[in-house]
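Reading through the structure tokens given below for one structure.
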Amino acid sequence: MLDVRRLRLLRDLARLGTIAAVAEAHTYTPSAVSQQLATLQREAGVQLLERAGRRVNLTPTGETLVRHTEVVLAALEAADATLAAARGGLSGTVRIGAYPSAVRTLLLPALVALARDHPALDLMVTELDPVAVPDALRDRRLDVALVHDYDIVPVEPDPALDSAPLLDELVFLALPAGMDRDPDGDPMHSVRDAEWIVGSQGTLCHSLALHACELAGFHPTVRHHADDFAAMLALVAAGQGVGLVPQLAVGHPPTEVRLVPLAIKRRTRVAYRRGAGGHPAVAACVAALRAVSHA
């Protein structure tokens, strides 16, 4: 019988790419990871890894075993959920991750409802970018998380995660109130020569801005980077450029900012480890978030 802990190391090698990265993720030494993977290969009786210069890659058999590992880990999550349901009651720690605009608008009322209806739950919130969520869920640093993508820059489903849809929202073009609009009515055309305020490189908001401009036929001139939408709106109000802001993040914009709706939507989902959807605490969080999003 193959060892689940070693299978998890193999899965993480496929995901992270190097022995050193796997060791860091698990707080092991690289030599310890290498030894565990070597033992797994002996147990399997077939070659799972192969050298490629200084790197170690998975063989086709190793890649197939990783896909089976995802199924095994999901089954273990489901088994844990079944046991938690059988024990009855809702208690224990639930670690919830969310992006900033969702913390203010979706998560806060859901936390109030959860505290009222399930006082034995110990709720812990971490603010983070959706790009960081899959690793945090896999590594069990989070149990539930709010994630999003955009219809023009969709994110590929993660084989280790399940999710439930919460809401779709409009994306607005934020521009200084005095800026002239294009007479043909195309808002993106009117800002093709403007300076832009975009998210940090590597974030979904950065990808959104670049792709929206590419679809409109131009490459943006980026002047500022801002991951906080309130800061972005303040920069727009000061005439420092234009930017894209989703509806949940609009709040009470400065009077010097004009918001023009675009044919782009941000899509928010609540994510958790595959197989964990039946866990009572996870199900309670999902239900509370869906109730808020549909209110």
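Labels used: A, B, ... for chains in the order of the structure tokens, numbers from 1 for residues in each chain, and numbers from 1 for ligands as shown.
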Using DSSP on the backbone coordinates, identify the residues of stretch 92-266 of chain A assigned to strand (DSSP E); present them as a CSV table (one decimal) with N, CA and C atoms, in the first residue's frame.
chain,number,residue,atom,x,y,z
A,92,GLY,N,-15.1,24.1,16.4
A,92,GLY,CA,-13.7,24.1,15.9
A,92,GLY,C,-13.4,25.3,15.1
A,93,THR,N,-12.1,25.3,14.6
A,93,THR,CA,-11.6,26.5,13.9
A,93,THR,C,-11.9,26.3,12.4
A,94,VAL,N,-12.3,27.4,11.8
A,94,VAL,CA,-12.5,27.5,10.4
A,94,VAL,C,-11.7,28.7,9.9
A,95,ARG,N,-10.7,28.4,9.0
A,95,ARG,CA,-9.8,29.5,8.5
A,95,ARG,C,-10.4,29.9,7.1
A,96,ILE,N,-10.7,31.2,7.0
A,96,ILE,CA,-11.4,31.7,5.8
A,96,ILE,C,-10.5,32.7,5.2
A,97,GLY,N,-10.3,32.6,3.9
A,97,GLY,CA,-9.5,33.6,3.1
A,97,GLY,C,-10.4,34.4,2.2
A,98,ALA,N,-10.1,35.6,1.9
A,98,ALA,CA,-10.9,36.4,1.0
A,98,ALA,C,-10.1,37.6,0.5
A,121,LEU,N,-18.2,27.9,16.6
A,121,LEU,CA,-17.2,27.9,15.5
A,121,LEU,C,-16.2,29.0,15.8
A,122,ASP,N,-14.9,28.8,15.7
A,122,ASP,CA,-13.9,29.8,15.9
A,122,ASP,C,-13.4,30.2,14.5
A,123,LEU,N,-13.9,31.4,14.1
A,123,LEU,CA,-13.7,31.8,12.7
A,123,LEU,C,-12.4,32.7,12.6
A,124,MET,N,-11.5,32.4,11.7
A,124,MET,CA,-10.3,33.2,11.5
A,124,MET,C,-10.2,33.6,10.1
A,125,VAL,N,-10.0,34.9,9.8
A,125,VAL,CA,-10.0,35.4,8.5
A,125,VAL,C,-8.6,35.9,8.1
A,126,THR,N,-8.2,35.6,6.8
A,126,THR,CA,-7.0,36.0,6.3
A,126,THR,C,-7.3,36.7,4.9
A,127,GLU,N,-6.8,37.9,4.8
A,127,GLU,CA,-6.9,38.6,3.5
A,127,GLU,C,-5.8,38.3,2.6
A,144,VAL,N,-11.7,27.5,3.8
A,144,VAL,CA,-12.7,28.0,2.8
A,144,VAL,C,-12.1,29.3,2.3
A,145,ALA,N,-12.4,29.7,1.1
A,145,ALA,CA,-11.8,30.9,0.6
A,145,ALA,C,-12.7,31.5,-0.5
A,146,LEU,N,-12.8,32.8,-0.6
A,146,LEU,CA,-13.5,33.5,-1.7
A,146,LEU,C,-12.4,33.8,-2.8
A,147,VAL,N,-12.8,33.4,-4.0
A,147,VAL,CA,-11.9,33.6,-5.1
A,147,VAL,C,-12.7,34.2,-6.2
A,148,HIS,N,-12.0,34.8,-7.2
A,148,HIS,CA,-12.7,35.4,-8.3
A,148,HIS,C,-11.9,35.2,-9.6
A,149,ASP,N,-12.5,35.4,-10.7
A,149,ASP,CA,-11.8,35.6,-12.0
A,149,ASP,C,-12.7,36.5,-12.8
A,150,TYR,N,-12.3,36.8,-14.0
A,150,TYR,CA,-13.0,37.6,-14.9
A,150,TYR,C,-13.4,36.9,-16.2
A,161,LEU,N,-9.4,21.3,-5.9
A,161,LEU,CA,-10.4,22.2,-5.2
A,161,LEU,C,-11.8,22.0,-5.9
A,162,ASP,N,-12.8,22.2,-5.0
A,162,ASP,CA,-14.2,22.4,-5.5
A,162,ASP,C,-14.6,23.8,-5.2
A,163,SER,N,-15.7,24.3,-5.8
A,163,SER,CA,-16.2,25.6,-5.5
A,163,SER,C,-17.6,25.7,-5.8
A,164,ALA,N,-18.3,26.7,-5.3
A,164,ALA,CA,-19.7,27.0,-5.5
A,164,ALA,C,-19.8,28.5,-5.9
A,165,PRO,N,-20.6,28.8,-7.0
A,165,PRO,CA,-20.7,30.2,-7.4
A,165,PRO,C,-21.4,31.0,-6.4
A,166,LEU,N,-21.0,32.3,-6.3
A,166,LEU,CA,-21.6,33.2,-5.4
A,166,LEU,C,-22.3,34.4,-6.1
A,167,LEU,N,-21.6,35.1,-6.9
A,167,LEU,CA,-22.2,36.2,-7.7
A,167,LEU,C,-21.3,36.7,-8.8
A,168,ASP,N,-22.0,37.3,-9.8
A,168,ASP,CA,-21.3,38.0,-10.9
A,168,ASP,C,-21.5,39.5,-10.7
A,169,GLU,N,-20.5,40.3,-11.0
A,169,GLU,CA,-20.7,41.8,-10.8
A,169,GLU,C,-20.0,42.5,-12.0
A,170,LEU,N,-20.5,43.7,-12.3
A,170,LEU,CA,-20.0,44.5,-13.3
A,170,LEU,C,-18.6,45.0,-13.0
A,171,VAL,N,-17.8,45.3,-14.1
A,171,VAL,CA,-16.6,46.0,-14.0
A,171,VAL,C,-16.8,47.4,-14.6
A,172,PHE,N,-16.3,48.4,-13.9
A,172,PHE,CA,-16.4,49.8,-14.4
A,172,PHE,C,-15.0,50.3,-14.8
A,173,LEU,N,-15.1,51.1,-15.8
A,173,LEU,CA,-13.9,52.0,-16.2
A,173,LEU,C,-14.0,53.2,-15.3
A,174,ALA,N,-13.0,53.5,-14.5
A,174,ALA,CA,-12.9,54.7,-13.7
A,174,ALA,C,-12.1,55.7,-14.4
A,175,LEU,N,-12.6,56.9,-14.6
A,175,LEU,CA,-11.8,57.9,-15.2
A,175,LEU,C,-12.1,59.3,-14.6
A,176,PRO,N,-11.2,60.2,-14.7
A,176,PRO,CA,-11.5,61.6,-14.1
A,176,PRO,C,-12.8,62.2,-14.7
A,195,GLU,N,-3.1,57.4,-19.5
A,195,GLU,CA,-2.2,56.6,-18.6
A,195,GLU,C,-3.0,55.8,-17.7
A,196,TRP,N,-2.5,54.6,-17.3
A,196,TRP,CA,-3.3,53.6,-16.6
A,196,TRP,C,-2.8,53.4,-15.2
A,197,ILE,N,-3.7,53.0,-14.3
A,197,ILE,CA,-3.4,52.5,-13.0
A,197,ILE,C,-3.9,51.1,-12.9
A,198,VAL,N,-3.0,50.1,-12.7
A,198,VAL,CA,-3.3,48.7,-12.8
A,198,VAL,C,-2.8,48.0,-11.5
A,221,THR,N,-0.5,52.3,-21.5
A,221,THR,CA,0.6,53.0,-20.9
A,221,THR,C,0.4,53.0,-19.4
A,222,VAL,N,1.2,52.2,-18.6
A,222,VAL,CA,1.0,52.0,-17.2
A,222,VAL,C,1.8,53.0,-16.4
A,223,ARG,N,1.2,53.9,-15.6
A,223,ARG,CA,1.9,54.9,-14.8
A,223,ARG,C,2.0,54.4,-13.4
A,224,HIS,N,0.9,53.9,-12.8
A,224,HIS,CA,0.9,53.5,-11.4
A,224,HIS,C,0.4,52.1,-11.2
A,225,HIS,N,0.9,51.4,-10.2
A,225,HIS,CA,0.4,50.1,-9.7
A,225,HIS,C,-0.3,50.3,-8.4
A,243,GLY,N,-8.5,53.5,-14.6
A,243,GLY,CA,-8.4,52.1,-14.2
A,243,GLY,C,-9.7,51.3,-14.2
A,244,LEU,N,-9.6,50.0,-14.0
A,244,LEU,CA,-10.8,49.2,-14.0
A,244,LEU,C,-11.1,48.8,-12.5
A,245,VAL,N,-12.4,48.9,-12.1
A,245,VAL,CA,-12.8,48.7,-10.8
A,245,VAL,C,-14.1,47.8,-10.8
A,246,PRO,N,-14.1,46.7,-10.1
A,246,PRO,CA,-15.3,45.9,-10.0
A,246,PRO,C,-16.3,46.5,-9.0
A,257,VAL,N,-14.5,61.3,-9.8
A,257,VAL,CA,-14.4,60.1,-10.6
A,257,VAL,C,-15.7,59.8,-11.3
A,258,ARG,N,-15.6,59.4,-12.6
A,258,ARG,CA,-16.8,59.0,-13.3
A,258,ARG,C,-16.6,57.5,-13.6
A,259,LEU,N,-17.7,56.7,-13.3
A,259,LEU,CA,-17.6,55.3,-13.5
A,259,LEU,C,-18.5,54.9,-14.7
A,260,VAL,N,-17.9,54.2,-15.6
A,260,VAL,CA,-18.6,53.8,-16.9
A,260,VAL,C,-18.7,52.3,-16.9
A,261,PRO,N,-19.9,51.7,-16.9
A,261,PRO,CA,-20.0,50.2,-16.9
A,261,PRO,C,-19.4,49.6,-18.2
A,262,LEU,N,-18.7,48.5,-18.1
A,262,LEU,CA,-18.2,47.8,-19.3
A,262,LEU,C,-18.9,46.4,-19.4
A,263,ALA,N,-18.7,45.8,-20.6
A,263,ALA,CA,-19.3,44.5,-20.8
A,263,ALA,C,-18.3,43.4,-20.3
A,264,ILE,N,-17.9,43.6,-19.1
A,264,ILE,CA,-16.9,42.7,-18.4
A,264,ILE,C,-17.5,42.3,-17.0
A,265,LYS,N,-17.4,41.1,-16.6
A,265,LYS,CA,-17.9,40.7,-15.3
A,265,LYS,C,-16.8,40.0,-14.5
A,266,ARG,N,-16.8,40.3,-13.2
A,266,ARG,CA,-16.0,39.6,-12.2
A,266,ARG,C,-16.9,38.5,-11.6
Taking 4 positions as the minimum chain separation for residues in the same chain, which residues sit within 12 Å of A:Thr64 when counting only C-alpha atoms? Answer as a PDB file with C-alpha atoms, in the first residue's frame.
ATOM      1  CA  LEU A   7       1.938  10.640  -2.459  1.00  0.00           C
ATOM      2  CA  LEU A  10       4.810  13.668  -5.294  1.00  0.00           C
ATOM      3  CA  ARG A  11       1.696  15.727  -5.995  1.00  0.00           C
ATOM      4  CA  ALA A  14       4.266  18.144  -9.848  1.00  0.00           C
ATOM      5  CA  GLN A  47      10.078   4.735 -12.274  1.00  0.00           C
ATOM      6  CA  LEU A  48       8.169   7.825 -11.147  1.00  0.00           C
ATOM      7  CA  LEU A  49      10.972  10.402 -11.426  1.00  0.00           C
ATOM      8  CA  LEU A  58       7.887  13.190 -13.232  1.00  0.00           C
ATOM      9  CA  THR A  59       7.668  10.346 -15.720  1.00  0.00           C
ATOM     10  CA  PRO A  60       4.326   9.733 -17.490  1.00  0.00           C
ATOM     11  CA  HIS A  68      -4.839   9.248  -8.739  1.00  0.00           C
ATOM     12  CA  THR A  69      -3.418  11.032  -5.701  1.00  0.00           C
ATOM     13  CA  GLU A  70      -5.864  13.922  -6.176  1.00  0.00           C
ATOM     14  CA  VAL A  71      -8.706  11.380  -6.080  1.00  0.00           C
TER      15      VAL A  71
END
Per-residue DSSP, stretch 7-181 of chain A, filtered to helix (DSSP H, G or I), as a ChimeraX atom specification: /A:7-16,19-26,30-44,60-87,100-117,130-138
If we count only C-alpha atoms, what is near A:Leu37 at a cut-off of 12 Å, once residues fewer than 4 positions away on the same chain are taken out, given as a PyMOL selection string? chain A and resi 2-13+19+22-23+30-33+41-44+47-50+56-58+62
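In this structure, atom CA of A:Ser34 sits 9.5 Å away from atom CA of A:Ala20.
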Atom CA of A:Leu248 to atom CA of A:Thr105, straight-line distance in Å: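 Atom CA of A:Thr105 sits 6.8 Å away from atom CA of A:Leu248.
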Minimum-distance residue to A:Asp80, chosen among A:Arg290, A:Arg273, A:Arg267, A:His219 (using only C-alpha atoms): A:Arg273
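Across A:Ala52, A:Met1, A:Gly89, A:Ala276, the tightest approach to A:Thr18 is made by A:Ala52 when counting only C-alpha atoms.
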Interatomic distance (Å, one decimal) between atom CA of A:Asp193 and atom CA of A:Ala249: 25.0 Å
Neighbouring residues of A:Ala288 were defined as those with any atom within 7 Å, considering only C-alpha atoms; residues of the same chain fewer than 6 positions away were excluded. Please report them as an MDAnalysis selection string. chainID A and resid 110 113:114
Taking N, CA and C atoms for each residue, export the selection above as a compact mmCIF listing (two decimals), in the first residue's frame.
# COMPACT_ATOMS: atom_id res chain seq x y z
N ALA A 110 -21.53 37.72 6.59
CA ALA A 110 -21.54 36.26 6.75
C ALA A 110 -20.94 35.86 8.09
N ALA A 113 -23.52 36.40 10.79
CA ALA A 113 -24.54 35.35 10.78
C ALA A 113 -23.99 34.04 11.34
N LEU A 114 -22.76 33.69 10.98
CA LEU A 114 -22.16 32.45 11.49
C LEU A 114 -21.95 32.51 12.99
Counting only C-alpha atoms, figure out which residue out of A:Ala177, A:Leu108, A:Ala238, A:Ala231 gets nearest to A:Val250.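 Selected residue with least distance to A:Val250: A:Ala231.
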Interface rows for stretch 160-207 of chain A against stretch 129-140 of chain A: nearest pair, Å to one decimal, 12 Å, only C-alpha atoms, as JSON lines:
{"residue": "A:Ala160", "atom": "CA", "partner": "A:Arg138", "partner_atom": "CA", "distance": 7.1}
{"residue": "A:Leu161", "atom": "CA", "partner": "A:Pro134", "partner_atom": "CA", "distance": 7.5}
{"residue": "A:Asp162", "atom": "CA", "partner": "A:Pro134", "partner_atom": "CA", "distance": 10.4}
{"residue": "A:Ser163", "atom": "CA", "partner": "A:Pro134", "partner_atom": "CA", "distance": 11.3}
{"residue": "A:Gly199", "atom": "CA", "partner": "A:Asp129", "partner_atom": "CA", "distance": 11.0}
{"residue": "A:Ser200", "atom": "CA", "partner": "A:Asp129", "partner_atom": "CA", "distance": 10.8}
{"residue": "A:Gln201", "atom": "CA", "partner": "A:Val131", "partner_atom": "CA", "distance": 11.4}
{"residue": "A:Gly202", "atom": "CA", "partner": "A:Val131", "partner_atom": "CA", "distance": 8.1}
{"residue": "A:Thr203", "atom": "CA", "partner": "A:Val131", "partner_atom": "CA", "distance": 6.6}
{"residue": "A:Leu204", "atom": "CA", "partner": "A:Val131", "partner_atom": "CA", "distance": 7.2}
{"residue": "A:Cys205", "atom": "CA", "partner": "A:Asp129", "partner_atom": "CA", "distance": 9.8}
{"residue": "A:His206", "atom": "CA", "partner": "A:Val131", "partner_atom": "CA", "distance": 11.6}
{"residue": "A:Ser207", "atom": "CA", "partner": "A:Val131", "partner_atom": "CA", "distance": 11.5}
Write a file of the just-selected residues containing all heavy atoms, as a compact mmCIF listing (two decimals), in the first residue's frame.
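Full text of out.txt as output:
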# COMPACT_ATOMS: atom_id res chain seq x y z
N ALA A 160 -7.49 20.06 -7.31
CA ALA A 160 -7.52 19.80 -5.87
C ALA A 160 -8.68 20.50 -5.17
O ALA A 160 -8.90 20.27 -3.97
CB ALA A 160 -6.20 20.24 -5.22
N LEU A 161 -9.43 21.33 -5.89
CA LEU A 161 -10.43 22.18 -5.25
C LEU A 161 -11.81 21.99 -5.86
O LEU A 161 -11.95 21.66 -7.04
CB LEU A 161 -10.04 23.65 -5.37
CG LEU A 161 -8.64 24.05 -4.90
CD1 LEU A 161 -8.44 25.56 -5.07
CD2 LEU A 161 -8.41 23.65 -3.45
N ASP A 162 -12.82 22.22 -5.03
CA ASP A 162 -14.19 22.37 -5.48
C ASP A 162 -14.62 23.79 -5.15
O ASP A 162 -14.01 24.45 -4.30
CB ASP A 162 -15.13 21.38 -4.77
CG ASP A 162 -15.11 20.01 -5.41
OD1 ASP A 162 -14.85 19.93 -6.62
OD2 ASP A 162 -15.37 19.02 -4.70
N SER A 163 -15.69 24.25 -5.79
CA SER A 163 -16.17 25.60 -5.50
C SER A 163 -17.65 25.71 -5.82
O SER A 163 -18.20 24.88 -6.56
CB SER A 163 -15.38 26.65 -6.28
OG SER A 163 -15.57 26.47 -7.67
N GLY A 199 -3.19 46.80 -11.29
CA GLY A 199 -2.71 46.02 -10.16
C GLY A 199 -1.26 45.59 -10.35
O GLY A 199 -0.69 45.72 -11.43
N SER A 200 -0.70 45.05 -9.28
CA SER A 200 0.67 44.56 -9.34
C SER A 200 0.78 43.39 -10.31
O SER A 200 -0.16 42.60 -10.46
CB SER A 200 1.14 44.11 -7.95
OG SER A 200 1.11 45.18 -7.05
N GLN A 201 1.93 43.27 -10.92
CA GLN A 201 2.14 42.17 -11.85
C GLN A 201 1.97 40.84 -11.14
O GLN A 201 2.43 40.64 -10.01
CB GLN A 201 3.54 42.25 -12.46
CG GLN A 201 3.74 41.31 -13.64
CD GLN A 201 4.99 41.65 -14.43
OE1 GLN A 201 5.73 42.54 -14.08
NE2 GLN A 201 5.21 40.94 -15.52
N GLY A 202 1.26 39.92 -11.79
CA GLY A 202 0.99 38.62 -11.19
C GLY A 202 -0.39 38.50 -10.59
O GLY A 202 -0.85 37.39 -10.30
N THR A 203 -1.07 39.64 -10.40
CA THR A 203 -2.44 39.60 -9.86
C THR A 203 -3.44 39.48 -11.01
O THR A 203 -3.16 39.83 -12.15
CB THR A 203 -2.75 40.86 -9.03
OG1 THR A 203 -2.73 42.01 -9.90
CG2 THR A 203 -1.74 41.04 -7.92
N LEU A 204 -4.65 39.01 -10.66
CA LEU A 204 -5.69 38.91 -11.67
C LEU A 204 -6.09 40.28 -12.18
O LEU A 204 -6.43 40.44 -13.36
CB LEU A 204 -6.91 38.20 -11.07
CG LEU A 204 -6.77 36.69 -10.84
CD1 LEU A 204 -7.98 36.17 -10.10
CD2 LEU A 204 -6.61 35.96 -12.17
N CYS A 205 -6.07 41.28 -11.30
CA CYS A 205 -6.46 42.64 -11.72
C CYS A 205 -5.48 43.21 -12.75
O CYS A 205 -5.88 43.95 -13.65
CB CYS A 205 -6.55 43.54 -10.50
SG CYS A 205 -7.86 43.04 -9.35
N HIS A 206 -4.21 42.87 -12.61
CA HIS A 206 -3.22 43.28 -13.60
C HIS A 206 -3.52 42.62 -14.94
O HIS A 206 -3.53 43.29 -16.00
CB HIS A 206 -1.82 42.89 -13.11
CG HIS A 206 -0.71 43.28 -14.03
ND1 HIS A 206 -0.29 42.48 -15.06
CD2 HIS A 206 0.08 44.38 -14.08
CE1 HIS A 206 0.70 43.05 -15.70
NE2 HIS A 206 0.94 44.22 -15.13
N SER A 207 -3.79 41.31 -14.91
CA SER A 207 -4.11 40.60 -16.14
C SER A 207 -5.37 41.14 -16.79
O SER A 207 -5.46 41.25 -18.02
CB SER A 207 -4.28 39.10 -15.85
OG SER A 207 -3.09 38.55 -15.32
Compare A:Ala102, A:Ala75, A:Leu16, A:Val153 by their minimum atom-to-atom distance to A:Val270, counting only C-alpha atoms, and give me the closest one. A:Ala102
List the spatial neighbours of A:Gly278 as an NGL selection string - criterion: any atom at most 8 Å away, only C-alpha atoms, same-chain residues fewer than 2 positions off excluded. :A and (78 or 81-82 or 85 or 275-276 or 280 or 282-283)
Limited to N, CA and C atoms, could you put the picked residues into a file as a PDB file, in the first residue's frame?
ATOM      1  N   ALA A  78     -13.462  13.756   2.075  1.00  0.00           N
ATOM      2  CA  ALA A  78     -14.860  13.369   2.191  1.00  0.00           C
ATOM      3  C   ALA A  78     -15.086  12.480   3.408  1.00  0.00           C
ATOM      4  N   ALA A  81     -15.140  14.663   6.381  1.00  0.00           N
ATOM      5  CA  ALA A  81     -16.412  15.383   6.434  1.00  0.00           C
ATOM      6  C   ALA A  81     -17.520  14.500   6.982  1.00  0.00           C
ATOM      7  N   THR A  82     -17.534  13.230   6.580  1.00  0.00           N
ATOM      8  CA  THR A  82     -18.549  12.298   7.072  1.00  0.00           C
ATOM      9  C   THR A  82     -18.428  12.100   8.581  1.00  0.00           C
ATOM     10  N   ALA A  85     -19.659  15.168  10.441  1.00  0.00           N
ATOM     11  CA  ALA A  85     -21.117  15.222  10.461  1.00  0.00           C
ATOM     12  C   ALA A  85     -21.686  14.235  11.475  1.00  0.00           C
ATOM     13  N   GLY A 275     -13.813  17.329  -1.908  1.00  0.00           N
ATOM     14  CA  GLY A 275     -14.268  16.337  -0.945  1.00  0.00           C
ATOM     15  C   GLY A 275     -14.723  16.934   0.366  1.00  0.00           C
ATOM     16  N   ALA A 276     -14.379  18.219   0.623  1.00  0.00           N
ATOM     17  CA  ALA A 276     -14.693  18.835   1.917  1.00  0.00           C
ATOM     18  C   ALA A 276     -16.050  19.531   1.948  1.00  0.00           C
ATOM     19  N   PRO A 280     -19.586  19.824   7.915  1.00  0.00           N
ATOM     20  CA  PRO A 280     -20.605  20.754   8.430  1.00  0.00           C
ATOM     21  C   PRO A 280     -20.125  22.199   8.527  1.00  0.00           C
ATOM     22  N   VAL A 282     -17.695  23.679   6.776  1.00  0.00           N
ATOM     23  CA  VAL A 282     -17.537  24.219   5.422  1.00  0.00           C
ATOM     24  C   VAL A 282     -18.906  24.519   4.822  1.00  0.00           C
ATOM     25  N   ALA A 283     -19.852  23.591   4.978  1.00  0.00           N
ATOM     26  CA  ALA A 283     -21.196  23.793   4.435  1.00  0.00           C
ATOM     27  C   ALA A 283     -21.870  25.007   5.067  1.00  0.00           C
TER      28      ALA A 283
END
So that I can see what lies close to A:Leu106, please list as a VMD selection string the residues with an atom at most 8 Å from it, counting only C-alpha atoms and leaving out residues fewer than 5 positions away in the same chain. chain A and resid 289 292 to 293
Kindly export the residues of the current selection with N, CA and C atoms, as a compact mmCIF listing (two decimals), in the first residue's frame.
# COMPACT_ATOMS: atom_id res chain seq x y z
N LEU A 289 -22.38 32.56 3.14
CA LEU A 289 -21.89 33.43 2.07
C LEU A 289 -22.89 33.51 0.92
N VAL A 292 -25.74 35.85 1.91
CA VAL A 292 -25.36 37.26 1.80
C VAL A 292 -25.33 37.71 0.34
N SER A 293 -24.75 36.88 -0.52
CA SER A 293 -24.60 37.26 -1.92
C SER A 293 -25.93 37.36 -2.64
